[in-house]
Amino acid sequence: MVSLDFEKGGGLLPAIVQDDSSGEVLMLAYMNEDSWKKTLETGKAVFWSRSRRSLWMKGEQSGHFQIVREIRIDCDDDTILLKVEQVGGAACHTGYRSCFYRKVSGDALVIDGDKVFRTEDVYR
């Protein structure tokens, strides 16, 4: 099994999630050793929720799963890159394709993207 340095990050490692076909960065989440193993076991992205303090499979509520197509690890064994097929078209819980749908323009944030779904239709 691939050995990652979970101790360096206090048990959590950043996981960058990128669309496998377009290369678009969809989100950043965190993985602990359990979520890492579950991701390898299921082939779907599983993360550690810092706010809920529990494992969560991306898409378990919305149906917008992330099917892992490739995994890359950085040179220090402490950052994970997941290349995924984004099911349902949106990675962001706010309804946008990417969590990085806002850009800095001067001293303001400007929305740069279209919503894929309405949150009230997905999260009840």
# chains A, B, ... in the order shown; residues from 1 in each chain; ligands from 1

$ select_by_dssp --residues "segment 37-122 of chain A" --states "strand (DSSP E or B)" --output "ChimeraX atom specification"
/A:44,46-49,54-57,66-73,80-86,96,102-105,108-111,115

$ write_last_selection --atoms "C-alpha atoms" --output "PDB file, in the first residue's frame"
ATOM      1  CA  LYS A  44     -15.076   7.236  -5.093  1.00  0.00           C
ATOM      2  CA  VAL A  46     -14.083  10.099   0.464  1.00  0.00           C
ATOM      3  CA  PHE A  47     -12.905  12.921   2.713  1.00  0.00           C
ATOM      4  CA  TRP A  48     -12.688  13.920   6.361  1.00  0.00           C
ATOM      5  CA  SER A  49     -15.124  16.674   7.270  1.00  0.00           C
ATOM      6  CA  SER A  54     -16.550  12.475  10.355  1.00  0.00           C
ATOM      7  CA  LEU A  55     -15.950  10.744   7.043  1.00  0.00           C
ATOM      8  CA  TRP A  56     -18.054  11.825   4.096  1.00  0.00           C
ATOM      9  CA  MET A  57     -18.264  10.482   0.596  1.00  0.00           C
ATOM     10  CA  GLN A  66     -16.574  11.883  -7.738  1.00  0.00           C
ATOM     11  CA  ILE A  67     -15.324   8.766  -9.500  1.00  0.00           C
ATOM     12  CA  VAL A  68     -11.551   8.589  -9.039  1.00  0.00           C
ATOM     13  CA  ARG A  69      -9.721   8.107 -12.337  1.00  0.00           C
ATOM     14  CA  GLU A  70      -6.158   8.797 -11.186  1.00  0.00           C
ATOM     15  CA  ILE A  71      -4.329   9.601  -7.966  1.00  0.00           C
ATOM     16  CA  ARG A  72      -1.075  11.520  -7.732  1.00  0.00           C
ATOM     17  CA  ILE A  73       1.003  12.183  -4.623  1.00  0.00           C
ATOM     18  CA  ILE A  80      -3.010  14.214  -2.642  1.00  0.00           C
ATOM     19  CA  LEU A  81      -4.258  15.044  -6.137  1.00  0.00           C
ATOM     20  CA  LEU A  82      -7.418  13.234  -7.193  1.00  0.00           C
ATOM     21  CA  LYS A  83      -8.323  13.339 -10.860  1.00  0.00           C
ATOM     22  CA  VAL A  84     -12.017  12.550 -11.001  1.00  0.00           C
ATOM     23  CA  GLU A  85     -15.065  12.209 -13.172  1.00  0.00           C
ATOM     24  CA  GLN A  86     -17.542  14.616 -11.572  1.00  0.00           C
ATOM     25  CA  TYR A  96     -21.412  25.704  -8.967  1.00  0.00           C
ATOM     26  CA  ARG A 102     -15.278  33.461  -7.524  1.00  0.00           C
ATOM     27  CA  LYS A 103     -12.347  35.584  -8.589  1.00  0.00           C
ATOM     28  CA  VAL A 104     -10.730  38.620  -7.016  1.00  0.00           C
ATOM     29  CA  SER A 105     -11.377  41.824  -8.933  1.00  0.00           C
ATOM     30  CA  ALA A 108     -14.182  42.493  -4.470  1.00  0.00           C
ATOM     31  CA  LEU A 109     -15.089  38.916  -5.265  1.00  0.00           C
ATOM     32  CA  VAL A 110     -16.860  38.450  -8.584  1.00  0.00           C
ATOM     33  CA  ILE A 111     -18.789  35.318  -9.560  1.00  0.00           C
ATOM     34  CA  LYS A 115     -24.800  27.399 -11.287  1.00  0.00           C
TER      35      LYS A 115
END

$ residues_around --residues "Tyr123 of chain A" --least-positions-apart "5" --cutoff "9 Å" --atoms "only C-alpha atoms" --output "list in words"
Gln61, Ser62, His93 and Arg118 of chain A

$ select_by_dssp --residues "segment 12-119 of chain A" --states "helix (DSSP H, G or I)" --output "PyMOL selection string"
chain A and resi 33-42+119

$ closest_residue --among "A:Ala45, A:Leu12, A:Val116, A:Cys92" --to "Met27 of chain A" --atoms "only C-alpha atoms"
A:Cys92

$ closest_residue --among "A:Gly89, A:Asp78, A:Asp34, A:Glu7" --to "Gly59 of chain A" --atoms "only C-alpha atoms"
A:Gly89

$ closest_residue --among "A:Asp74, A:Phe100, A:Phe117, A:Thr79" --to "Glu24 of chain A" --atoms "only C-alpha atoms"
A:Phe100

$ closest_residue --among "A:Ala90, A:Gly43, A:Phe65, A:Leu13" --to "Leu28 of chain A" --atoms "only C-alpha atoms"
A:Leu13

$ atom_distance --atom1 "atom CA of Thr39 of chain A" --atom2 "atom CA of Lys58 of chain A"
10.3 Å

$ decode --residues "chain A" --atoms "C-alpha atoms" --output "short mmCIF file (atom, residue, chain, number, x, y, z; two decimals), in the first residue's frame"
data_model
loop_
_atom_site.label_atom_id
_atom_site.label_comp_id
_atom_site.auth_asym_id
_atom_site.auth_seq_id
_atom_site.Cartn_x
_atom_site.Cartn_y
_atom_site.Cartn_z
CA MET A 1 0.00 0.00 0.00
CA VAL A 2 1.13 3.54 -0.69
CA SER A 3 2.47 5.18 2.47
CA LEU A 4 1.53 8.82 3.03
CA ASP A 5 2.85 11.11 5.77
CA PHE A 6 -0.36 11.78 7.72
CA GLU A 7 1.63 12.76 10.81
CA LYS A 8 3.06 15.83 9.10
CA GLY A 9 -0.42 17.36 8.75
CA GLY A 10 -1.65 16.39 12.18
CA GLY A 11 -3.52 13.45 10.71
CA LEU A 12 -5.01 15.35 7.77
CA LEU A 13 -3.61 15.88 4.30
CA PRO A 14 -4.92 18.33 1.69
CA ALA A 15 -6.58 16.68 -1.28
CA ILE A 16 -6.85 18.71 -4.46
CA VAL A 17 -9.66 17.51 -6.71
CA GLN A 18 -9.31 18.09 -10.43
CA ASP A 19 -11.59 17.19 -13.35
CA ASP A 20 -9.87 14.35 -15.18
CA SER A 21 -10.87 15.46 -18.67
CA SER A 22 -10.69 19.27 -18.49
CA GLY A 23 -8.04 19.76 -15.80
CA GLU A 24 -10.27 22.25 -13.97
CA VAL A 25 -9.63 22.41 -10.21
CA LEU A 26 -12.95 21.52 -8.59
CA MET A 27 -12.25 21.68 -4.88
CA LEU A 28 -9.86 21.22 -1.99
CA ALA A 29 -10.72 18.91 0.88
CA TYR A 30 -8.87 16.95 3.54
CA MET A 31 -8.23 13.25 3.93
CA ASN A 32 -7.23 11.25 6.97
CA GLU A 33 -5.94 7.71 6.83
CA ASP A 34 -9.46 6.23 6.99
CA SER A 35 -10.81 8.37 4.16
CA TRP A 36 -7.70 7.57 2.10
CA LYS A 37 -8.30 3.83 2.53
CA LYS A 38 -12.03 4.18 1.80
CA THR A 39 -11.27 6.12 -1.39
CA LEU A 40 -8.90 3.37 -2.55
CA GLU A 41 -11.46 0.71 -1.62
CA THR A 42 -14.53 2.30 -3.26
CA GLY A 43 -13.04 4.21 -6.19
CA LYS A 44 -15.08 7.24 -5.09
CA ALA A 45 -13.71 10.31 -3.31
CA VAL A 46 -14.08 10.10 0.46
CA PHE A 47 -12.91 12.92 2.71
CA TRP A 48 -12.69 13.92 6.36
CA SER A 49 -15.12 16.67 7.27
CA ARG A 50 -13.38 19.03 9.68
CA SER A 51 -16.68 20.68 10.67
CA ARG A 52 -18.64 17.44 11.24
CA ARG A 53 -15.58 15.52 12.41
CA SER A 54 -16.55 12.47 10.35
CA LEU A 55 -15.95 10.74 7.04
CA TRP A 56 -18.05 11.83 4.10
CA MET A 57 -18.26 10.48 0.60
CA LYS A 58 -18.59 13.33 -1.88
CA GLY A 59 -22.08 13.07 -3.36
CA GLU A 60 -23.64 10.96 -0.61
CA GLN A 61 -26.41 13.57 -0.18
CA SER A 62 -26.48 15.30 -3.57
CA GLY A 63 -25.76 12.33 -5.84
CA HIS A 64 -22.85 14.30 -7.33
CA PHE A 65 -20.20 11.64 -6.71
CA GLN A 66 -16.57 11.88 -7.74
CA ILE A 67 -15.32 8.77 -9.50
CA VAL A 68 -11.55 8.59 -9.04
CA ARG A 69 -9.72 8.11 -12.34
CA GLU A 70 -6.16 8.80 -11.19
CA ILE A 71 -4.33 9.60 -7.97
CA ARG A 72 -1.07 11.52 -7.73
CA ILE A 73 1.00 12.18 -4.62
CA ASP A 74 3.44 15.07 -4.21
CA CYS A 75 7.17 14.66 -3.59
CA ASP A 76 6.82 15.00 0.21
CA ASP A 77 4.07 12.36 0.50
CA ASP A 78 1.79 14.92 2.18
CA THR A 79 -0.55 16.21 -0.55
CA ILE A 80 -3.01 14.21 -2.64
CA LEU A 81 -4.26 15.04 -6.14
CA LEU A 82 -7.42 13.23 -7.19
CA LYS A 83 -8.32 13.34 -10.86
CA VAL A 84 -12.02 12.55 -11.00
CA GLU A 85 -15.07 12.21 -13.17
CA GLN A 86 -17.54 14.62 -11.57
CA VAL A 87 -20.98 13.00 -11.66
CA GLY A 88 -23.89 15.45 -11.86
CA GLY A 89 -21.79 18.33 -13.17
CA ALA A 90 -21.13 20.16 -9.90
CA ALA A 91 -18.53 19.70 -7.17
CA CYS A 92 -19.52 22.69 -5.03
CA HIS A 93 -22.31 22.39 -2.46
CA THR A 94 -23.44 25.89 -3.49
CA GLY A 95 -24.42 24.56 -6.93
CA TYR A 96 -21.41 25.70 -8.97
CA ARG A 97 -19.25 23.29 -10.96
CA SER A 98 -16.12 24.26 -9.01
CA CYS A 99 -15.72 25.57 -5.48
CA PHE A 100 -13.44 28.18 -7.07
CA TYR A 101 -16.26 30.02 -8.88
CA ARG A 102 -15.28 33.46 -7.52
CA LYS A 103 -12.35 35.58 -8.59
CA VAL A 104 -10.73 38.62 -7.02
CA SER A 105 -11.38 41.82 -8.93
CA GLY A 106 -9.81 44.80 -7.21
CA ASP A 107 -11.13 44.62 -3.66
CA ALA A 108 -14.18 42.49 -4.47
CA LEU A 109 -15.09 38.92 -5.26
CA VAL A 110 -16.86 38.45 -8.58
CA ILE A 111 -18.79 35.32 -9.56
CA ASP A 112 -17.17 33.69 -12.58
CA GLY A 113 -19.32 30.67 -13.41
CA ASP A 114 -22.83 29.41 -13.79
CA LYS A 115 -24.80 27.40 -11.29
CA VAL A 116 -25.37 23.78 -12.25
CA PHE A 117 -28.10 23.19 -9.68
CA ARG A 118 -30.20 25.03 -7.11
CA THR A 119 -29.21 24.05 -3.57
CA GLU A 120 -32.83 24.01 -2.38
CA ASP A 121 -33.60 21.33 -5.00
CA VAL A 122 -30.72 19.08 -3.92
CA TYR A 123 -30.34 19.53 -0.15
CA ARG A 124 -33.62 19.11 1.66
#
